[in-house]
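Visitor: Quick one: the structure is below, questions incoming.
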Amino acid sequence: MSARTRPRVALAALASAALAIFPWSAAQADPTATAHLTGTLADGATWTADVPDRWNGTLLLFSHGFGPTVAQDAPSDAVRTELLAEGYAMAGSSYDPHGSMWALNSAELDQFATLDAVTAKIGTPRRTLAVGQSMGGLVNAQIARDGAGRVDGALGLCGLVAGGTDLDNYQLDAEYTIARLLLPGEDVGLVRFGSADDAAATAAKLTDAVTAAQATPRGRARIALAAAFLNLPAWAPGQDRPAPTDWAGQEEQQYTWFAQGILSFVEGGRLAMEQSVGGNNSSNRGVDYANLLAGSAHAPRVRALYRTAGLDLRADLTSLTRGASIAADPAAVRTAQRTSSAGQGLGVPLLDVHTIADNLVPVEQERRFGDRVRTAGDGALLRQAYVERQGHCAFTTAETVAALHALEHRVTSGHWDDAATPAALQRSATALGLDGAAYTPYRPARLTVGRDRPAPTVRH
């Protein structure tokens, strides 16, 4: 069965098991009234839906991000309120709650089963659009790949579209750099966590090392090197964007991300990934760290800070390359390729939106994903847009709604035209009169990951 054909058997079984549903009716006259529906699928996943009485016929299928497996049908309360007022119905599932929070083993199936369960209650939508945020952006990209005939288009928000193995590999490079250069001689467990306590202990040890290193020029240079491998933006929340050659200011803002606890999120995510795929899917064996840095957009900052510190960059990179010995578990790699990758093609139009300074899912993931989609021959179905702001999924309501309207234009007209350009999205968002917008022309740098094998073909 091809990568673009959805499996039907499991979906039908899941959908038929939906229960605990409250009746819905479009007969009421109040234009602000909505019906709230819930249900449970065969694997224990729950789903939720909100349907306005004056439904415009479009159903949004929302895929939520990494975190507790709780059903959600919108990226925020404010977005839900605005879209319900515009007449959209929304639905989304929890994914299977009995496994890892990296619920990619079940998420896509549960989303399609939710679609079946909801439409059985409210009727067939005139149009169905998938929407996904963060980890749910990866689910959304899979739905856009596989969902032709079930969804008409897809909108990705801050999506983790490079996939789980790329994520774990570049995060491993950063963690390994901190451990080897800032904690020399110490035994720091970086993979194969046995428990949440193990992951938390590693995060604390690495964060403490970064905090101590920030006090010296040599330490700051090495923090910048680790940040380069992490694809960490040099623009932190609540701060002005540093000048292009303000190397010290840029490193200070990268350090802010570390001080805010990003490594706790990274290590917790790694634990969840390992639980999901059955082992460690990342490796640095054979990585040439000099070549890795040479391909990074952050390299000029690293070189400048090493010069200022009087530190030998070549020696550090050689040490990293010499000590790189972590191997992946082949079965875990195969599972991650099957469940946690995207970009093998598109079956429906997809608009991805990303902030340019995303600390958790770097904007460079969009470049990696776009290259894969174009290699698969589906570049005409993809558009990517960018918001000039710091933070993960830090979109205004206006930016999100405008992007949805642009996707609808593509679905309705059959052409993107100029609807998804930065200027058009900015005009559309501003015209809503909500909470502002900052769409901007932008081209992401290449993702610093150093493992250039293409995303595998996914077969169902």
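Chain lettering (A, B, ...) mirrors the order of the structure tokens, residue numbering begins at 1 for each chain separately, and ligand numbering begins at 1 in order of display.
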Please identify the helix (DSSP H, G or I) residues within region 65-171 of chain A (assignment by DSSP from backbone atoms) and present them as a PDB file with N, CA, C and O atoms, in the first residue's frame.

Guide:
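Contents of the output file part-v4.pdb:
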ATOM      1  N   ASP A  77      -7.547  28.894  23.593  1.00  0.00           N
ATOM      2  CA  ASP A  77      -8.941  29.291  23.834  1.00  0.00           C
ATOM      3  C   ASP A  77      -9.332  30.468  22.957  1.00  0.00           C
ATOM      4  O   ASP A  77     -10.465  30.537  22.455  1.00  0.00           O
ATOM      5  N   ALA A  78      -8.403  31.417  22.767  1.00  0.00           N
ATOM      6  CA  ALA A  78      -8.725  32.591  21.960  1.00  0.00           C
ATOM      7  C   ALA A  78      -8.971  32.219  20.508  1.00  0.00           C
ATOM      8  O   ALA A  78      -9.883  32.755  19.857  1.00  0.00           O
ATOM      9  N   VAL A  79      -8.155  31.316  19.980  1.00  0.00           N
ATOM     10  CA  VAL A  79      -8.367  30.866  18.601  1.00  0.00           C
ATOM     11  C   VAL A  79      -9.696  30.129  18.490  1.00  0.00           C
ATOM     12  O   VAL A  79     -10.460  30.327  17.534  1.00  0.00           O
ATOM     13  N   ARG A  80      -9.998  29.279  19.473  1.00  0.00           N
ATOM     14  CA  ARG A  80     -11.280  28.558  19.434  1.00  0.00           C
ATOM     15  C   ARG A  80     -12.444  29.541  19.415  1.00  0.00           C
ATOM     16  O   ARG A  80     -13.391  29.400  18.619  1.00  0.00           O
ATOM     17  N   THR A  81     -12.397  30.539  20.284  1.00  0.00           N
ATOM     18  CA  THR A  81     -13.493  31.515  20.349  1.00  0.00           C
ATOM     19  C   THR A  81     -13.688  32.228  19.021  1.00  0.00           C
ATOM     20  O   THR A  81     -14.820  32.373  18.529  1.00  0.00           O
ATOM     21  N   GLU A  82     -12.584  32.659  18.405  1.00  0.00           N
ATOM     22  CA  GLU A  82     -12.691  33.371  17.132  1.00  0.00           C
ATOM     23  C   GLU A  82     -13.217  32.467  16.024  1.00  0.00           C
ATOM     24  O   GLU A  82     -14.092  32.866  15.246  1.00  0.00           O
ATOM     25  N   LEU A  83     -12.724  31.256  15.953  1.00  0.00           N
ATOM     26  CA  LEU A  83     -13.136  30.369  14.868  1.00  0.00           C
ATOM     27  C   LEU A  83     -14.579  29.897  15.044  1.00  0.00           C
ATOM     28  O   LEU A  83     -15.310  29.750  14.055  1.00  0.00           O
ATOM     29  N   LEU A  84     -15.003  29.671  16.276  1.00  0.00           N
ATOM     30  CA  LEU A  84     -16.412  29.348  16.492  1.00  0.00           C
ATOM     31  C   LEU A  84     -17.305  30.504  16.065  1.00  0.00           C
ATOM     32  O   LEU A  84     -18.369  30.296  15.466  1.00  0.00           O
ATOM     33  N   ALA A  85     -16.870  31.727  16.351  1.00  0.00           N
ATOM     34  CA  ALA A  85     -17.646  32.899  15.935  1.00  0.00           C
ATOM     35  C   ALA A  85     -17.738  33.003  14.421  1.00  0.00           C
ATOM     36  O   ALA A  85     -18.727  33.514  13.882  1.00  0.00           O
ATOM     37  N   ALA A 107      -1.189   8.539  17.026  1.00  0.00           N
ATOM     38  CA  ALA A 107      -1.809   9.853  16.819  1.00  0.00           C
ATOM     39  C   ALA A 107      -2.551   9.967  15.498  1.00  0.00           C
ATOM     40  O   ALA A 107      -3.708  10.414  15.456  1.00  0.00           O
ATOM     41  N   GLU A 108      -1.911   9.584  14.402  1.00  0.00           N
ATOM     42  CA  GLU A 108      -2.573   9.763  13.109  1.00  0.00           C
ATOM     43  C   GLU A 108      -3.830   8.903  13.012  1.00  0.00           C
ATOM     44  O   GLU A 108      -4.888   9.365  12.557  1.00  0.00           O
ATOM     45  N   LEU A 109      -3.736   7.647  13.437  1.00  0.00           N
ATOM     46  CA  LEU A 109      -4.915   6.779  13.424  1.00  0.00           C
ATOM     47  C   LEU A 109      -6.024   7.345  14.292  1.00  0.00           C
ATOM     48  O   LEU A 109      -7.201   7.334  13.902  1.00  0.00           O
ATOM     49  N   ASP A 110      -5.675   7.835  15.465  1.00  0.00           N
ATOM     50  CA  ASP A 110      -6.692   8.393  16.352  1.00  0.00           C
ATOM     51  C   ASP A 110      -7.338   9.641  15.771  1.00  0.00           C
ATOM     52  O   ASP A 110      -8.537   9.883  15.982  1.00  0.00           O
ATOM     53  N   GLN A 111      -6.563  10.432  15.055  1.00  0.00           N
ATOM     54  CA  GLN A 111      -7.135  11.625  14.445  1.00  0.00           C
ATOM     55  C   GLN A 111      -8.127  11.269  13.341  1.00  0.00           C
ATOM     56  O   GLN A 111      -9.214  11.851  13.248  1.00  0.00           O
ATOM     57  N   PHE A 112      -7.773  10.300  12.513  1.00  0.00           N
ATOM     58  CA  PHE A 112      -8.717   9.896  11.474  1.00  0.00           C
ATOM     59  C   PHE A 112      -9.944   9.217  12.079  1.00  0.00           C
ATOM     60  O   PHE A 112     -11.071   9.392  11.597  1.00  0.00           O
ATOM     61  N   ALA A 113      -9.751   8.444  13.146  1.00  0.00           N
ATOM     62  CA  ALA A 113     -10.895   7.827  13.811  1.00  0.00           C
ATOM     63  C   ALA A 113     -11.800   8.877  14.440  1.00  0.00           C
ATOM     64  O   ALA A 113     -13.031   8.746  14.437  1.00  0.00           O
ATOM     65  N   THR A 114     -11.206   9.927  14.981  1.00  0.00           N
ATOM     66  CA  THR A 114     -11.987  11.039  15.526  1.00  0.00           C
ATOM     67  C   THR A 114     -12.814  11.696  14.430  1.00  0.00           C
ATOM     68  O   THR A 114     -13.990  12.032  14.631  1.00  0.00           O
ATOM     69  N   LEU A 115     -12.207  11.884  13.284  1.00  0.00           N
ATOM     70  CA  LEU A 115     -12.942  12.463  12.161  1.00  0.00           C
ATOM     71  C   LEU A 115     -14.171  11.605  11.838  1.00  0.00           C
ATOM     72  O   LEU A 115     -15.278  12.131  11.638  1.00  0.00           O
ATOM     73  N   ASP A 116     -13.999  10.289  11.797  1.00  0.00           N
ATOM     74  CA  ASP A 116     -15.130   9.414  11.511  1.00  0.00           C
ATOM     75  C   ASP A 116     -16.203   9.511  12.594  1.00  0.00           C
ATOM     76  O   ASP A 116     -17.406   9.556  12.298  1.00  0.00           O
ATOM     77  N   ALA A 117     -15.770   9.530  13.857  1.00  0.00           N
ATOM     78  CA  ALA A 117     -16.730   9.571  14.958  1.00  0.00           C
ATOM     79  C   ALA A 117     -17.525  10.870  14.964  1.00  0.00           C
ATOM     80  O   ALA A 117     -18.745  10.865  15.184  1.00  0.00           O
ATOM     81  N   VAL A 118     -16.843  11.979  14.735  1.00  0.00           N
ATOM     82  CA  VAL A 118     -17.522  13.277  14.769  1.00  0.00           C
ATOM     83  C   VAL A 118     -18.471  13.434  13.591  1.00  0.00           C
ATOM     84  O   VAL A 118     -19.625  13.869  13.746  1.00  0.00           O
ATOM     85  N   THR A 119     -18.019  13.082  12.405  1.00  0.00           N
ATOM     86  CA  THR A 119     -18.890  13.257  11.233  1.00  0.00           C
ATOM     87  C   THR A 119     -20.092  12.317  11.294  1.00  0.00           C
ATOM     88  O   THR A 119     -21.141  12.629  10.727  1.00  0.00           O
ATOM     89  N   ALA A 120     -19.960  11.196  11.988  1.00  0.00           N
ATOM     90  CA  ALA A 120     -21.126  10.326  12.167  1.00  0.00           C
ATOM     91  C   ALA A 120     -22.216  11.023  12.964  1.00  0.00           C
ATOM     92  O   ALA A 120     -23.401  10.682  12.845  1.00  0.00           O
ATOM     93  N   LYS A 121     -21.821  12.012  13.793  1.00  0.00           N
ATOM     94  CA  LYS A 121     -22.781  12.724  14.626  1.00  0.00           C
ATOM     95  C   LYS A 121     -23.278  14.022  14.008  1.00  0.00           C
ATOM     96  O   LYS A 121     -24.443  14.387  14.184  1.00  0.00           O
ATOM     97  N   ILE A 122     -22.415  14.729  13.295  1.00  0.00           N
ATOM     98  CA  ILE A 122     -22.809  16.058  12.809  1.00  0.00           C
ATOM     99  C   ILE A 122     -23.054  16.088  11.312  1.00  0.00           C
ATOM    100  O   ILE A 122     -23.521  17.091  10.775  1.00  0.00           O
ATOM    101  N   MET A 135       4.530  19.123  18.176  1.00  0.00           N
ATOM    102  CA  MET A 135       4.550  17.710  17.812  1.00  0.00           C
ATOM    103  C   MET A 135       3.336  17.380  16.952  1.00  0.00           C
ATOM    104  O   MET A 135       3.411  16.558  16.022  1.00  0.00           O
ATOM    105  N   GLY A 136       2.224  18.030  17.239  1.00  0.00           N
ATOM    106  CA  GLY A 136       1.037  17.859  16.407  1.00  0.00           C
ATOM    107  C   GLY A 136       1.228  18.371  14.999  1.00  0.00           C
ATOM    108  O   GLY A 136       0.493  17.970  14.089  1.00  0.00           O
ATOM    109  N   GLY A 137       2.216  19.264  14.793  1.00  0.00           N
ATOM    110  CA  GLY A 137       2.549  19.671  13.439  1.00  0.00           C
ATOM    111  C   GLY A 137       3.160  18.537  12.639  1.00  0.00           C
ATOM    112  O   GLY A 137       2.997  18.473  11.410  1.00  0.00           O
ATOM    113  N   LEU A 138       3.882  17.637  13.326  1.00  0.00           N
ATOM    114  CA  LEU A 138       4.385  16.436  12.671  1.00  0.00           C
ATOM    115  C   LEU A 138       3.227  15.496  12.335  1.00  0.00           C
ATOM    116  O   LEU A 138       3.162  14.954  11.220  1.00  0.00           O
ATOM    117  N   VAL A 139       2.311  15.311  13.267  1.00  0.00           N
ATOM    118  CA  VAL A 139       1.111  14.523  12.984  1.00  0.00           C
ATOM    119  C   VAL A 139       0.365  15.128  11.806  1.00  0.00           C
ATOM    120  O   VAL A 139      -0.089  14.428  10.885  1.00  0.00           O
ATOM    121  N   ASN A 140       0.239  16.438  11.808  1.00  0.00           N
ATOM    122  CA  ASN A 140      -0.460  17.152  10.744  1.00  0.00           C
ATOM    123  C   ASN A 140       0.210  16.938   9.391  1.00  0.00           C
ATOM    124  O   ASN A 140      -0.460  16.766   8.364  1.00  0.00           O
ATOM    125  N   ALA A 141       1.552  16.943   9.367  1.00  0.00           N
ATOM    126  CA  ALA A 141       2.270  16.698   8.113  1.00  0.00           C
ATOM    127  C   ALA A 141       2.041  15.273   7.623  1.00  0.00           C
ATOM    128  O   ALA A 141       1.983  15.027   6.410  1.00  0.00           O
ATOM    129  N   GLN A 142       1.902  14.327   8.551  1.00  0.00           N
ATOM    130  CA  GLN A 142       1.577  12.960   8.157  1.00  0.00           C
ATOM    131  C   GLN A 142       0.168  12.880   7.590  1.00  0.00           C
ATOM    132  O   GLN A 142      -0.079  12.186   6.585  1.00  0.00           O
ATOM    133  N   ILE A 143      -0.760  13.590   8.217  1.00  0.00           N
ATOM    134  CA  ILE A 143      -2.133  13.632   7.701  1.00  0.00           C
ATOM    135  C   ILE A 143      -2.155  14.277   6.314  1.00  0.00           C
ATOM    136  O   ILE A 143      -2.858  13.809   5.403  1.00  0.00           O
ATOM    137  N   ALA A 144      -1.363  15.340   6.117  1.00  0.00           N
ATOM    138  CA  ALA A 144      -1.290  15.970   4.799  1.00  0.00           C
ATOM    139  C   ALA A 144      -0.687  15.031   3.767  1.00  0.00           C
ATOM    140  O   ALA A 144      -1.016  15.101   2.577  1.00  0.00           O
ATOM    141  N   ARG A 145       0.185  14.144   4.211  1.00  0.00           N
ATOM    142  CA  ARG A 145       0.792  13.153   3.316  1.00  0.00           C
ATOM    143  C   ARG A 145      -0.207  12.054   2.954  1.00  0.00           C
ATOM    144  O   ARG A 145      -0.293  11.623   1.799  1.00  0.00           O
ATOM    145  N   ASP A 146      -0.963  11.592   3.945  1.00  0.00           N
ATOM    146  CA  ASP A 146      -1.764  10.381   3.793  1.00  0.00           C
ATOM    147  C   ASP A 146      -3.253  10.628   3.626  1.00  0.00           C
ATOM    148  O   ASP A 146      -3.998   9.687   3.355  1.00  0.00           O
ATOM    149  N   GLY A 164      11.294  12.875  14.380  1.00  0.00           N
ATOM    150  CA  GLY A 164      11.829  12.545  15.681  1.00  0.00           C
ATOM    151  C   GLY A 164      13.309  12.226  15.709  1.00  0.00           C
ATOM    152  O   GLY A 164      14.007  12.577  16.666  1.00  0.00           O
ATOM    153  N   THR A 165      13.826  11.568  14.673  1.00  0.00           N
ATOM    154  CA  THR A 165      15.235  11.189  14.712  1.00  0.00           C
ATOM    155  C   THR A 165      16.146  12.375  14.462  1.00  0.00           C
ATOM    156  O   THR A 165      17.189  12.514  15.122  1.00  0.00           O
ATOM    157  N   ASP A 166      15.800  13.259  13.530  1.00  0.00           N
ATOM    158  CA  ASP A 166      16.580  14.487  13.374  1.00  0.00           C
ATOM    159  C   ASP A 166      16.603  15.267  14.685  1.00  0.00           C
ATOM    160  O   ASP A 166      17.649  15.776  15.112  1.00  0.00           O
ATOM    161  N   LEU A 167      15.453  15.375  15.330  1.00  0.00           N
ATOM    162  CA  LEU A 167      15.363  16.096  16.604  1.00  0.00           C
ATOM    163  C   LEU A 167      16.316  15.504  17.628  1.00  0.00           C
ATOM    164  O   LEU A 167      17.126  16.215  18.240  1.00  0.00           O
ATOM    165  N   ASP A 168      16.238  14.199  17.823  1.00  0.00           N
ATOM    166  CA  ASP A 168      17.083  13.583  18.837  1.00  0.00           C
ATOM    167  C   ASP A 168      18.563  13.646  18.474  1.00  0.00           C
ATOM    168  O   ASP A 168      19.417  13.734  19.363  1.00  0.00           O
ATOM    169  N   ASN A 169      18.878  13.611  17.183  1.00  0.00           N
ATOM    170  CA  ASN A 169      20.288  13.662  16.798  1.00  0.00           C
ATOM    171  C   ASN A 169      20.915  15.022  17.072  1.00  0.00           C
ATOM    172  O   ASN A 169      21.999  15.106  17.652  1.00  0.00           O
ATOM    173  N   TYR A 170      20.256  16.107  16.685  1.00  0.00           N
ATOM    174  CA  TYR A 170      20.910  17.395  16.924  1.00  0.00           C
ATOM    175  C   TYR A 170      20.867  17.772  18.396  1.00  0.00           C
ATOM    176  O   TYR A 170      21.775  18.439  18.899  1.00  0.00           O
ATOM    177  N   GLN A 171      19.840  17.334  19.107  1.00  0.00           N
ATOM    178  CA  GLN A 171      19.850  17.569  20.546  1.00  0.00           C
ATOM    179  C   GLN A 171      20.972  16.779  21.220  1.00  0.00           C
ATOM    180  O   GLN A 171      21.626  17.274  22.143  1.00  0.00           O
TER     181      GLN A 171
END

Visitor: Would you list the contacts of Leu360 (chain A) as number ranges by chain, taking every protein, DNA or RNA residue within 9 Å and counting only C-alpha atoms, but skipping same-chain residues closer than 3 positions in sequence?

Guide: A: 134, 160, 232, 262, 265-266, 391-392

Visitor: Please write the residues from the selection above to a file, keeping all heavy atoms, as a PDB file, in the first residue's frame.

Guide:
ATOM      1  N   SER A 134       3.169  22.106  16.941  1.00  0.00           N
ATOM      2  CA  SER A 134       4.333  21.534  17.594  1.00  0.00           C
ATOM      3  C   SER A 134       4.478  20.065  17.208  1.00  0.00           C
ATOM      4  O   SER A 134       4.547  19.737  16.028  1.00  0.00           O
ATOM      5  CB  SER A 134       4.232  21.745  19.104  1.00  0.00           C
ATOM      6  OG  SER A 134       5.456  21.452  19.731  1.00  0.00           O
ATOM      7  N   LEU A 160       6.988  20.223  14.262  1.00  0.00           N
ATOM      8  CA  LEU A 160       8.217  19.464  14.410  1.00  0.00           C
ATOM      9  C   LEU A 160       8.400  18.581  13.173  1.00  0.00           C
ATOM     10  O   LEU A 160       8.468  17.357  13.246  1.00  0.00           O
ATOM     11  CB  LEU A 160       8.122  18.610  15.681  1.00  0.00           C
ATOM     12  CG  LEU A 160       9.387  18.209  16.404  1.00  0.00           C
ATOM     13  CD1 LEU A 160       9.057  17.825  17.838  1.00  0.00           C
ATOM     14  CD2 LEU A 160      10.073  17.041  15.720  1.00  0.00           C
ATOM     15  N   LEU A 232      19.846  26.641  18.342  1.00  0.00           N
ATOM     16  CA  LEU A 232      19.155  27.505  19.290  1.00  0.00           C
ATOM     17  C   LEU A 232      19.185  28.949  18.805  1.00  0.00           C
ATOM     18  O   LEU A 232      20.252  29.478  18.492  1.00  0.00           O
ATOM     19  CB  LEU A 232      19.827  27.405  20.657  1.00  0.00           C
ATOM     20  CG  LEU A 232      19.085  27.986  21.857  1.00  0.00           C
ATOM     21  CD1 LEU A 232      17.757  27.260  22.083  1.00  0.00           C
ATOM     22  CD2 LEU A 232      19.951  27.880  23.108  1.00  0.00           C
ATOM     23  N   ILE A 262      15.527  24.899  29.145  1.00  0.00           N
ATOM     24  CA  ILE A 262      15.265  24.167  27.909  1.00  0.00           C
ATOM     25  C   ILE A 262      15.757  22.727  27.970  1.00  0.00           C
ATOM     26  O   ILE A 262      15.146  21.816  27.400  1.00  0.00           O
ATOM     27  CB  ILE A 262      15.879  24.904  26.692  1.00  0.00           C
ATOM     28  CG1 ILE A 262      15.423  24.239  25.386  1.00  0.00           C
ATOM     29  CG2 ILE A 262      17.389  24.967  26.770  1.00  0.00           C
ATOM     30  CD1 ILE A 262      15.837  24.987  24.147  1.00  0.00           C
ATOM     31  N   PHE A 265      13.231  20.228  29.257  1.00  0.00           N
ATOM     32  CA  PHE A 265      12.265  19.844  28.232  1.00  0.00           C
ATOM     33  C   PHE A 265      12.893  18.854  27.253  1.00  0.00           C
ATOM     34  O   PHE A 265      12.271  17.868  26.861  1.00  0.00           O
ATOM     35  CB  PHE A 265      11.767  21.087  27.492  1.00  0.00           C
ATOM     36  CG  PHE A 265      10.606  20.820  26.580  1.00  0.00           C
ATOM     37  CD1 PHE A 265       9.309  20.902  27.052  1.00  0.00           C
ATOM     38  CD2 PHE A 265      10.801  20.473  25.251  1.00  0.00           C
ATOM     39  CE1 PHE A 265       8.227  20.638  26.214  1.00  0.00           C
ATOM     40  CE2 PHE A 265       9.740  20.209  24.413  1.00  0.00           C
ATOM     41  CZ  PHE A 265       8.436  20.294  24.900  1.00  0.00           C
ATOM     42  N   VAL A 266      14.147  19.119  26.874  1.00  0.00           N
ATOM     43  CA  VAL A 266      14.842  18.245  25.930  1.00  0.00           C
ATOM     44  C   VAL A 266      14.973  16.828  26.487  1.00  0.00           C
ATOM     45  O   VAL A 266      14.676  15.835  25.804  1.00  0.00           O
ATOM     46  CB  VAL A 266      16.223  18.832  25.586  1.00  0.00           C
ATOM     47  CG1 VAL A 266      17.121  17.794  24.910  1.00  0.00           C
ATOM     48  CG2 VAL A 266      16.069  20.054  24.683  1.00  0.00           C
ATOM     49  N   GLY A 391      10.082  32.573  20.503  1.00  0.00           N
ATOM     50  CA  GLY A 391       9.317  31.606  21.266  1.00  0.00           C
ATOM     51  C   GLY A 391       8.665  30.542  20.418  1.00  0.00           C
ATOM     52  O   GLY A 391       8.517  30.670  19.200  1.00  0.00           O
ATOM     53  N   HIS A 392       8.283  29.470  21.087  1.00  0.00           N
ATOM     54  CA  HIS A 392       7.685  28.319  20.433  1.00  0.00           C
ATOM     55  C   HIS A 392       6.177  28.482  20.355  1.00  0.00           C
ATOM     56  O   HIS A 392       5.512  28.704  21.365  1.00  0.00           O
ATOM     57  CB  HIS A 392       8.034  27.054  21.221  1.00  0.00           C
ATOM     58  CG  HIS A 392       7.479  25.797  20.645  1.00  0.00           C
ATOM     59  ND1 HIS A 392       7.657  25.446  19.327  1.00  0.00           N
ATOM     60  CD2 HIS A 392       6.735  24.795  21.211  1.00  0.00           C
ATOM     61  CE1 HIS A 392       7.078  24.280  19.097  1.00  0.00           C
ATOM     62  NE2 HIS A 392       6.496  23.877  20.228  1.00  0.00           N
TER      63      HIS A 392
END

Visitor: Between A:Met273, A:Val287, A:Ala89, A:Leu320, single out the one closest to Met101 (chain A), counting only C-alpha atoms.

Guide: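 Result for the nearest residue to Met101 (chain A): A:Met273.
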